Amino acid sequence: NIYSLYSTAEEAIRHAAFQVGSIITTTGYATTDFDLWPSFSKAILLGLMVIGACAGSTGGGIKVARVLLLFKSLRRNIRQVMHPNRVQVVRNNGAVVEEQVLENTNAYLAAYVIIMILSVLAISLDGFSLETNLSAVMACFNNIGPSFEGAGPMGNYDCYSYFAKLVLSLAMLLGRLEIFPMLILFSPTVWKKRRAKA
């Protein structure tokens, strides 16, 4: 898809592979201005921002293991609609995945989507395009680094207001330190219990 932008196929493959590796591992480097790439290639990069790295890594995103469980859970739910009396289980590496793990994965996805939408709405007050705001939130929330357009690989986040930078910083913390521990940290009930014990 980006072959026409470079002089040789080797150069196109090298730039594409480096950008994919940089985004999945949240390295934040860029060897080319991928903001100039066609929409299909940019959509792939956005998808990789969401999926992220493997479970247990410091990479951002939902993580490959959660995405795999979400797809398997979706497949199981479709099969249950077709065969309501059949017992359907989700297996991963041959082992049955507990229902609590699937519920936690679904709750994580719901929290991820809600935080993403609220963050995009909050920084949209600055008046930038939807692509700029969505990619900026995705890049910060998934700890990628560069996004597209104004905050792309040849730009930075300086164009955003202090409020938007605060929102993006909170999104970055939520992505790096995981959603649920951060939500627990900001929960008033946790602090009330701590004060009562002290």
# chains A, B, ... in the order shown; residues from 1 in each chain; ligands from 1

$ select_by_dssp --residues "chain A" --states "strand (DSSP E or B)" --output "number ranges by chain"
A: 91-92, 95-96

$ write_last_selection --atoms "N, CA and C atoms" --output "PDB file, in the first residue's frame"
ATOM      1  N   ARG A  91     -11.622 -21.910  25.297  1.00  0.00           N
ATOM      2  CA  ARG A  91     -10.340 -22.541  25.594  1.00  0.00           C
ATOM      3  C   ARG A  91      -9.206 -21.654  25.087  1.00  0.00           C
ATOM      4  N   ASN A  92      -8.131 -21.649  25.852  1.00  0.00           N
ATOM      5  CA  ASN A  92      -6.925 -20.957  25.442  1.00  0.00           C
ATOM      6  C   ASN A  92      -5.747 -21.879  25.706  1.00  0.00           C
ATOM      7  N   ALA A  95      -6.614 -25.150  27.548  1.00  0.00           N
ATOM      8  CA  ALA A  95      -7.201 -25.071  28.890  1.00  0.00           C
ATOM      9  C   ALA A  95      -8.470 -24.224  28.850  1.00  0.00           C
ATOM     10  N   VAL A  96      -9.452 -24.613  29.666  1.00  0.00           N
ATOM     11  CA  VAL A  96     -10.703 -23.869  29.747  1.00  0.00           C
ATOM     12  C   VAL A  96     -10.463 -22.558  30.495  1.00  0.00           C
TER      13      VAL A  96
END

$ closest_residue --among "A:Thr189, A:Asn156, A:Thr58, A:Asn142" --to "A:Met172" --atoms "only C-alpha atoms"
A:Asn142

$ select_by_dssp --residues "chain A" --states "helix (DSSP H, G or I)" --output "JSON, numbers by chain"
{"A": [3, 4, 5, 9, 10, 11, 12, 13, 14, 15, 16, 17, 18, 19, 20, 21, 22, 23, 24, 34, 35, 36, 39, 40, 41, 42, 43, 44, 45, 46, 47, 48, 49, 50, 51, 64, 65, 66, 67, 68, 69, 70, 71, 72, 73, 74, 75, 76, 77, 78, 79, 80, 81, 82, 99, 100, 101, 102, 103, 104, 105, 106, 107, 108, 109, 110, 111, 112, 113, 114, 115, 116, 117, 118, 119, 120, 121, 122, 123, 124, 125, 126, 130, 131, 132, 133, 134, 135, 136, 137, 138, 139, 140, 141, 149, 150, 151, 157, 158, 159, 162, 163, 164, 165, 166, 167, 168, 169, 170, 171, 172, 173, 174, 175, 176, 179, 180, 181, 182, 183, 184, 185, 188, 189, 190, 191, 192, 193, 194, 195, 196, 197]}

$ residues_around --residues "A:Phe163" --least-positions-apart "4" --cutoff "9 Å" --atoms "only C-alpha atoms" --output "JSON, numbers by chain"
{"A": [122, 123, 167, 168]}

$ closest_residue --among "A:Gly60, A:Leu69, A:Ser39, A:Ser124" --to "A:Glu98" --atoms "only C-alpha atoms"
A:Leu69
